[in-house]
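J.: Below you'll find run-v5.csv; it's CSV, C-alpha atoms.
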```csv
chain,number,residue,atom,x,y,z
A,1,MET,CA,-47.9,26.0,69.6
A,2,ARG,CA,-44.3,26.6,70.7
A,3,PRO,CA,-43.6,29.7,72.7
A,4,SER,CA,-42.1,32.5,70.7
A,5,GLU,CA,-38.3,32.5,70.3
A,6,PRO,CA,-35.9,35.1,69.1
A,7,VAL,CA,-35.6,35.1,65.3
A,8,GLY,CA,-31.9,34.2,65.4
A,9,ARG,CA,-32.6,30.9,67.3
A,10,ARG,CA,-35.5,29.9,65.0
A,11,SER,CA,-33.4,30.6,61.9
A,12,GLY,CA,-30.4,28.8,63.4
A,13,ARG,CA,-32.5,25.8,64.3
A,14,ARG,CA,-34.2,25.7,60.8
A,15,ALA,CA,-30.8,25.9,59.2
A,16,ALA,CA,-29.6,22.9,61.1
A,17,GLU,CA,-32.8,21.0,60.3
A,18,ARG,CA,-32.3,21.6,56.6
A,19,SER,CA,-28.8,20.2,56.6
A,20,GLU,CA,-28.1,17.0,54.6
A,21,PRO,CA,-28.4,13.8,56.6
A,22,GLY,CA,-25.2,12.9,58.4
A,23,ALA,CA,-23.7,16.3,57.8
A,24,GLU,CA,-22.8,18.2,61.0
A,25,PRO,CA,-23.8,21.9,60.8
A,26,GLU,CA,-21.0,24.3,61.4
A,27,ARG,CA,-20.8,27.9,62.5
A,28,LEU,CA,-21.4,30.3,59.6
A,29,GLN,CA,-18.0,32.1,60.2
A,30,LYS,CA,-16.2,28.8,59.8
A,31,VAL,CA,-18.0,27.9,56.6
A,32,LEU,CA,-17.0,31.2,55.1
A,33,ALA,CA,-13.4,30.8,56.2
A,34,GLN,CA,-13.3,27.3,54.7
A,35,ALA,CA,-14.6,28.7,51.4
A,36,GLY,CA,-11.7,31.2,51.4
A,37,LEU,CA,-14.0,34.2,51.4
A,38,ALA,CA,-13.0,35.8,54.7
A,39,SER,CA,-11.4,35.3,58.0
A,40,ARG,CA,-13.7,34.4,60.9
A,41,ARG,CA,-13.4,37.9,62.3
A,42,GLU,CA,-14.3,39.5,58.9
A,43,ALA,CA,-17.3,37.1,58.6
A,44,GLU,CA,-18.5,38.3,62.1
A,45,ASP,CA,-18.3,41.9,60.8
A,46,TRP,CA,-20.4,41.0,57.8
A,47,ILE,CA,-23.0,39.4,60.0
A,48,ARG,CA,-23.2,42.5,62.2
A,49,ALA,CA,-23.5,44.6,59.1
A,50,GLY,CA,-26.5,42.5,57.9
A,51,ARG,CA,-24.7,41.4,54.7
A,52,LEU,CA,-25.3,37.7,55.2
A,53,SER,CA,-28.5,35.7,55.1
A,54,VAL,CA,-29.3,32.0,55.5
A,55,ASN,CA,-32.4,30.6,53.8
A,56,GLY,CA,-33.7,34.1,53.2
A,57,ARG,CA,-33.4,35.2,56.9
A,58,PRO,CA,-30.7,37.6,58.3
A,59,ALA,CA,-27.8,35.7,59.7
A,60,THR,CA,-26.9,36.0,63.4
A,61,LEU,CA,-23.7,35.5,65.3
A,62,GLY,CA,-23.3,31.8,66.4
A,63,MET,CA,-25.7,30.5,63.7
A,64,LYS,CA,-24.8,27.1,62.3
A,65,VAL,CA,-25.4,26.0,58.7
A,66,GLY,CA,-25.2,22.8,56.8
A,67,PRO,CA,-24.5,21.9,53.1
A,68,ALA,CA,-28.2,22.2,52.1
A,69,ASP,CA,-28.6,25.7,53.5
A,70,GLN,CA,-28.6,28.7,51.2
A,71,VAL,CA,-26.1,31.3,52.4
A,72,ARG,CA,-26.0,34.6,50.6
A,73,LEU,CA,-23.6,37.5,50.8
A,74,ASP,CA,-25.1,40.8,49.7
A,75,GLY,CA,-27.8,38.7,47.9
A,76,ARG,CA,-25.3,36.5,46.0
A,77,LEU,CA,-25.4,32.8,46.7
A,78,ILE,CA,-22.3,31.3,48.3
A,79,ARG,CA,-21.5,27.7,47.3
A,80,GLN,CA,-20.4,25.7,50.3
A,81,ARG,CA,-17.5,23.3,49.9
A,82,GLU,CA,-16.5,20.4,52.1
A,83,PRO,CA,-12.9,20.5,53.4
A,84,GLN,CA,-10.5,18.9,50.9
A,85,GLY,CA,-7.4,18.0,52.9
A,86,GLY,CA,-4.4,19.4,51.1
A,87,GLY,CA,-6.3,20.3,47.9
A,88,ARG,CA,-6.5,24.0,48.8
A,89,THR,CA,-2.9,24.4,50.0
A,90,PHE,CA,0.0,25.0,47.5
A,91,ILE,CA,3.7,25.1,47.5
A,92,TYR,CA,5.2,27.6,45.1
A,93,HIS,CA,8.7,28.4,43.8
A,94,ARG,CA,8.8,32.1,43.8
A,95,SER,CA,11.4,34.1,41.8
A,96,SER,CA,13.2,37.0,43.4
A,97,GLY,CA,11.4,40.3,42.9
A,98,GLU,CA,8.1,38.6,41.9
A,99,SER,CA,4.8,39.9,43.1
A,100,LEU,CA,2.2,37.2,43.8
A,101,ASP,CA,-0.8,39.4,42.9
A,102,ARG,CA,0.6,41.6,40.1
A,103,PRO,CA,2.0,40.5,36.8
A,104,ALA,CA,5.7,41.1,36.0
A,105,THR,CA,6.0,44.3,33.9
A,106,ASP,CA,8.9,42.9,31.9
A,107,GLU,CA,7.2,39.6,30.8
A,108,ALA,CA,4.5,39.9,28.1
A,109,GLY,CA,1.4,38.0,28.9
A,110,ALA,CA,2.7,37.0,32.3
A,111,SER,CA,0.0,36.3,35.0
A,112,PRO,CA,0.5,36.6,38.7
A,113,LEU,CA,0.4,33.4,40.7
A,114,LEU,CA,-2.8,34.2,42.7
A,115,SER,CA,-4.8,34.5,39.4
A,116,ARG,CA,-3.4,31.2,38.2
A,117,LEU,CA,-4.5,29.1,41.1
A,118,PRO,CA,-7.6,26.9,40.5
A,119,ARG,CA,-10.8,28.8,41.3
A,120,ARG,CA,-12.2,25.8,43.1
A,121,ALA,CA,-9.3,26.1,45.6
A,122,GLY,CA,-10.6,29.3,47.1
A,123,ARG,CA,-11.5,32.9,46.5
A,124,ARG,CA,-9.2,34.5,49.0
A,125,PHE,CA,-5.6,33.1,49.3
A,126,VAL,CA,-3.3,33.6,52.3
A,127,VAL,CA,0.5,33.4,51.9
A,128,VAL,CA,1.8,31.8,55.1
A,129,SER,CA,5.0,33.6,56.3
A,130,PRO,CA,5.6,35.3,52.9
A,131,MET,CA,9.1,36.1,51.8
A,132,PRO,CA,10.0,39.8,51.1
A,133,ARG,CA,9.4,40.6,47.5
A,134,ILE,CA,13.1,41.2,46.8
A,135,ASP,CA,13.8,37.6,47.8
A,136,GLY,CA,12.2,34.3,46.8
A,137,GLY,CA,12.1,30.5,47.1
A,138,LEU,CA,9.5,28.4,48.8
A,139,GLU,CA,6.1,29.9,49.5
A,140,LEU,CA,3.1,28.3,51.1
A,141,ILE,CA,-0.3,29.5,50.0
A,142,CYS,CA,-3.7,28.5,51.4
A,143,GLY,CA,-7.2,29.1,50.2
A,144,ASP,CA,-8.9,28.0,53.4
A,145,GLY,CA,-9.0,30.9,55.9
A,146,ALA,CA,-9.4,28.7,59.0
A,147,LEU,CA,-6.6,26.4,57.9
A,148,ALA,CA,-4.3,29.3,57.0
A,149,ALA,CA,-4.8,30.7,60.5
A,150,ARG,CA,-3.7,27.4,62.0
A,151,LEU,CA,-0.6,27.3,59.8
A,152,GLN,CA,0.3,30.9,60.7
A,153,ARG,CA,0.1,30.0,64.4
A,154,SER,CA,2.4,27.0,63.8
A,155,VAL,CA,5.2,28.9,61.9
A,156,HIS,CA,7.2,29.8,65.0
A,157,ARG,CA,7.7,26.1,65.7
A,158,TRP,CA,9.0,25.2,62.2
A,159,VAL,CA,12.6,25.1,61.2
A,160,SER,CA,13.3,26.9,57.9
A,161,ASP,CA,16.4,26.7,55.7
A,162,PHE,CA,17.6,29.7,53.6
A,163,SER,CA,20.3,30.2,51.0
A,164,VAL,CA,21.8,33.6,51.6
A,165,ARG,CA,24.1,35.3,49.0
A,166,ILE,CA,26.4,38.0,50.2
A,167,ARG,CA,29.3,40.1,48.9
A,168,GLY,CA,32.6,38.5,50.1
A,169,GLU,CA,33.0,36.0,52.9
A,170,LEU,CA,31.9,36.1,56.5
A,171,THR,CA,34.5,36.4,59.2
A,172,GLU,CA,34.3,33.9,62.0
A,173,SER,CA,33.2,36.7,64.3
A,174,GLN,CA,30.4,37.6,61.9
A,175,ARG,CA,29.3,33.9,61.7
A,176,GLN,CA,29.2,33.6,65.4
A,177,GLY,CA,27.1,36.8,65.6
A,178,ILE,CA,24.6,35.2,63.2
A,179,LEU,CA,24.6,32.0,65.2
A,180,ALA,CA,23.7,34.0,68.3
A,181,GLY,CA,20.4,34.8,66.6
A,182,VAL,CA,19.8,38.3,68.0
A,183,LEU,CA,17.4,40.5,66.0
A,184,ASP,CA,17.1,44.3,65.9
A,185,SER,CA,14.2,44.1,68.3
A,186,GLY,CA,16.3,42.2,70.9
A,187,GLU,CA,14.4,39.0,70.3
A,188,ARG,CA,16.7,35.9,70.0
A,189,LEU,CA,16.0,33.2,67.4
A,190,GLN,CA,17.4,29.7,67.6
A,191,VAL,CA,19.9,29.4,64.8
A,192,LEU,CA,20.8,25.8,64.1
A,193,GLY,CA,23.5,26.4,61.5
A,194,CYS,CA,25.2,28.8,59.3
A,195,GLU,CA,27.7,27.3,56.8
A,196,SER,CA,29.4,28.4,53.6
A,197,SER,CA,27.9,26.6,50.6
A,198,GLY,CA,30.0,27.9,47.7
A,199,GLY,CA,29.9,30.9,45.4
A,200,GLU,CA,31.3,32.5,42.4
A,201,ALA,CA,33.5,35.6,41.8
A,202,ALA,CA,33.0,38.0,44.7
A,203,ASN,CA,29.7,36.5,45.8
A,204,ARG,CA,29.4,33.7,48.4
A,205,TRP,CA,26.4,31.6,49.5
A,206,TYR,CA,25.6,30.6,53.0
A,207,ALA,CA,23.2,27.9,54.2
A,208,LEU,CA,21.2,29.2,57.2
A,209,SER,CA,19.0,27.0,59.3
A,210,VAL,CA,16.8,28.7,61.9
A,211,GLN,CA,13.6,28.0,63.9
A,212,GLY,CA,10.7,30.3,63.5
A,213,ALA,CA,12.4,32.9,61.2
A,214,SER,CA,10.7,34.8,58.4
A,215,GLY,CA,12.6,35.7,55.3
A,216,LYS,CA,13.0,39.3,56.6
A,217,GLU,CA,14.5,38.0,59.8
A,218,ALA,CA,16.9,35.7,58.0
A,219,ARG,CA,18.2,38.7,56.0
A,220,GLN,CA,18.4,40.8,59.2
A,221,LEU,CA,20.6,38.3,60.9
A,222,PHE,CA,23.3,38.8,58.2
A,223,GLU,CA,22.9,42.5,57.8
A,224,ARG,CA,23.3,43.0,61.6
A,225,GLN,CA,26.8,41.6,61.2
A,226,GLY,CA,27.7,44.1,58.4
A,227,ALA,CA,27.2,41.6,55.6
A,228,LEU,CA,26.0,43.0,52.2
A,229,VAL,CA,23.1,40.7,51.3
A,230,SER,CA,22.0,40.5,47.7
A,231,ARG,CA,19.6,37.6,47.8
A,232,VAL,CA,17.8,35.3,50.2
A,233,MET,CA,16.0,32.1,49.0
A,234,ARG,CA,14.0,29.9,51.3
A,235,THR,CA,14.6,26.2,50.5
A,236,ARG,CA,12.7,24.6,53.4
A,237,LEU,CA,9.7,25.5,55.5
A,238,GLY,CA,8.9,23.1,58.3
A,239,THR,CA,8.6,19.6,56.7
A,240,LEU,CA,8.4,21.0,53.2
A,241,SER,CA,11.4,21.4,51.0
A,242,LEU,CA,11.8,23.1,47.6
A,243,GLU,CA,12.4,20.1,45.4
A,244,ARG,CA,14.4,20.4,42.1
A,245,SER,CA,11.4,19.2,40.1
A,246,LEU,CA,9.5,22.4,41.0
A,247,ALA,CA,10.8,25.0,38.6
A,248,ARG,CA,10.6,28.7,39.3
A,249,GLY,CA,7.2,30.1,38.6
A,250,HIS,CA,5.5,26.7,39.1
A,251,PHE,CA,3.2,25.4,41.9
A,252,ARG,CA,1.6,22.2,43.0
A,253,ALA,CA,-1.0,21.2,45.6
A,254,LEU,CA,0.1,19.7,48.8
A,255,GLU,CA,-0.8,16.1,49.5
A,256,ALA,CA,-2.8,15.3,52.6
A,257,ARG,CA,0.2,13.7,54.3
A,258,GLU,CA,2.3,16.8,53.6
A,259,LEU,CA,-0.3,19.1,55.1
A,260,ALA,CA,-0.7,16.8,58.1
A,261,GLY,CA,3.0,17.1,58.7
A,262,LEU,CA,2.8,20.8,59.1
A,263,LEU,CA,0.0,20.8,61.7
A,264,PRO,CA,0.3,20.1,65.4
A,265,ASP,CA,-1.2,16.8,66.7
```
As structure tokens, what does this structure read like?
T.:
Amino acid sequence: MRPSEPVGRRSGRRAAERSEPGAEPERLQKVLAQAGLASRREAEDWIRAGRLSVNGRPATLGMKVGPADQVRLDGRLIRQREPQGGGRTFIYHRSSGESLDRPATDEAGASPLLSRLPRRAGRRFVVVSPMPRIDGGLELICGDGALAARLQRSVHRWVSDFSVRIRGELTESQRQGILAGVLDSGERLQVLGCESSGGEAANRWYALSVQGASGKEARQLFERQGALVSRVMRTRLGTLSLERSLARGHFRALEARELAGLLPD
């Protein structure tokens, strides 16, 4: 007879033994994050609170599970899914003023984006570097918590392009101020370009290219120079560009190669 072991070790070992042949068991927190149910930190809190069980036994921190194990949250069975490359990550063309989780009040029957994404893509979606609601353009949305965290950590390395509409034209002094990249906090961004891109009547558009900037920071660069900004649209995020074929209010899943291009080697 084997010497007695802590329950957590026995249940963790049994979970691994019941895994499907050839499938590597993974930590429970990672499995929940891949399912889009919670971040790893939230999953740890659930384990500590006794809300999770594996094969009928209370889950413990560090426990590993495989595809054949029955994981339950508050008694409800969680269906595990294998990672699917880019199938749970989406590019979306967001309209200015649109909420991603609430329907537009002026459009009868309109459904918010997060309710229109495929249910198999995840239960909890994360918007990577979201644009302010008053602005719009390219949004990147992920249903895999662990993957979303990796993308969030990579954002500061990506170059983003924005189309910024202002009242009137920038003076050369204002443009040079924007190129300096200084934010209200004193932080300095690397601005790669700021050029006029046309306009109509009293409004002018400017093409801004900057590394690691959020939509809020792109707007701030102009407003710090006294420009009256009416709209900011993101047209590029890292290796992704907002293609003409993707109409406003529409989304598509990223291909595996597109997702790979966003992640560090």
J.: What does the structure give for the distance between atom CA of A:Gly143 and atom CA of A:Leu32, in Å to one decimal?
T.: 11.2 Å
J.: I need the residue nearest A:Gly168 from this list: A:Ala202, A:Val31, A:Val229, A:Leu147. Use all atoms listed in the file for the distance.
T.: A:Ala202
J.: Of the residues A:Glu217, A:Val164, A:Phe222, A:Val155, which is the one nearest to A:Ile178, using all atoms listed in the file?
T.: A:Phe222
J.: Just the number, please: distance in Å from atom CA of A:Leu189 to atom CA of A:Gly177, one decimal.
T.: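 One can read the atom CA of A:Leu189 to atom CA of A:Gly177 distance as 11.8 Å.
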J.: Rounded to one decimal, what separation in Å do you get between atom CA of A:Asp161 and atom CA of A:Glu195?
T.: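 Between atom CA of A:Asp161 and atom CA of A:Glu195 the gap works out to 11.4 Å.
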J.: With only C-alpha atoms as the counted atoms, please give the residues lying no more than 7 Å from A:Arg94, apart from itself and same-chain residues fewer than 6 positions off, as a ChimeraX atom specification.
T.: /A:136-139,248-249
J.: Compute the distance from (26.2, 41.2, 49.4) to each atom, counting all atoms listed in the file, keep the residues with any atom at most 6 Å away, and return them as a PyMOL selection string; use the coordinates of the file.
T.: chain A and resi 166-167+228-230
J.: Excluding stretch 39-50 of chain A and any residue of its chain fewer than 6 positions from it, enumerate the residues within 12 Å of it, using all atoms listed in the file, and give them as a PDB file with C-alpha atoms, in the coordinates of the input.
T.:
```
ATOM      1  CA  GLY A   8     -31.900  34.200  65.400  1.00  0.00           C
ATOM      2  CA  ARG A  27     -20.800  27.900  62.500  1.00  0.00           C
ATOM      3  CA  LEU A  28     -21.400  30.300  59.600  1.00  0.00           C
ATOM      4  CA  GLN A  29     -18.000  32.100  60.200  1.00  0.00           C
ATOM      5  CA  LYS A  30     -16.200  28.800  59.800  1.00  0.00           C
ATOM      6  CA  VAL A  31     -18.000  27.900  56.600  1.00  0.00           C
ATOM      7  CA  LEU A  32     -17.000  31.200  55.100  1.00  0.00           C
ATOM      8  CA  ALA A  33     -13.400  30.800  56.200  1.00  0.00           C
ATOM      9  CA  ARG A  57     -33.400  35.200  56.900  1.00  0.00           C
ATOM     10  CA  PRO A  58     -30.700  37.600  58.300  1.00  0.00           C
ATOM     11  CA  ALA A  59     -27.800  35.700  59.700  1.00  0.00           C
ATOM     12  CA  THR A  60     -26.900  36.000  63.400  1.00  0.00           C
ATOM     13  CA  LEU A  61     -23.700  35.500  65.300  1.00  0.00           C
ATOM     14  CA  GLY A  62     -23.300  31.800  66.400  1.00  0.00           C
ATOM     15  CA  MET A  63     -25.700  30.500  63.700  1.00  0.00           C
ATOM     16  CA  VAL A  71     -26.100  31.300  52.400  1.00  0.00           C
ATOM     17  CA  ARG A  72     -26.000  34.600  50.600  1.00  0.00           C
ATOM     18  CA  LEU A  73     -23.600  37.500  50.800  1.00  0.00           C
ATOM     19  CA  ASP A  74     -25.100  40.800  49.700  1.00  0.00           C
ATOM     20  CA  GLY A  75     -27.800  38.700  47.900  1.00  0.00           C
ATOM     21  CA  ARG A 123     -11.500  32.900  46.500  1.00  0.00           C
ATOM     22  CA  ARG A 124      -9.200  34.500  49.000  1.00  0.00           C
ATOM     23  CA  PHE A 125      -5.600  33.100  49.300  1.00  0.00           C
ATOM     24  CA  VAL A 126      -3.300  33.600  52.300  1.00  0.00           C
ATOM     25  CA  GLY A 143      -7.200  29.100  50.200  1.00  0.00           C
ATOM     26  CA  ASP A 144      -8.900  28.000  53.400  1.00  0.00           C
ATOM     27  CA  GLY A 145      -9.000  30.900  55.900  1.00  0.00           C
ATOM     28  CA  ALA A 146      -9.400  28.700  59.000  1.00  0.00           C
ATOM     29  CA  LEU A 147      -6.600  26.400  57.900  1.00  0.00           C
ATOM     30  CA  ALA A 148      -4.300  29.300  57.000  1.00  0.00           C
ATOM     31  CA  ALA A 149      -4.800  30.700  60.500  1.00  0.00           C
ATOM     32  CA  ARG A 150      -3.700  27.400  62.000  1.00  0.00           C
TER      33      ARG A 150
END
```
J.: Smallest atom-to-atom distance to A:Gln152: which of A:Gly238, A:Gly186, A:Pro25, A:Gly198, using all atoms listed in the file?
T.: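 Of the candidates, the smallest distance to A:Gln152 is held by A:Gly238.
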J.: (9.8, 40.3, 48.9) in this file's frame - what residues fall within 8 Å of it? Use only C-alpha atoms and give the answer as a PyMOL selection string.
T.: chain A and resi 96-99+130-136
J.: Please provide as a ChimeraX atom specification all residues within 10 Å of A:Leu246, with the sequence filter that same-chain residues fewer than 2 positions apart are discarded (counting all atoms listed in the file).
T.: /A:91-93,138,242-244,248-252
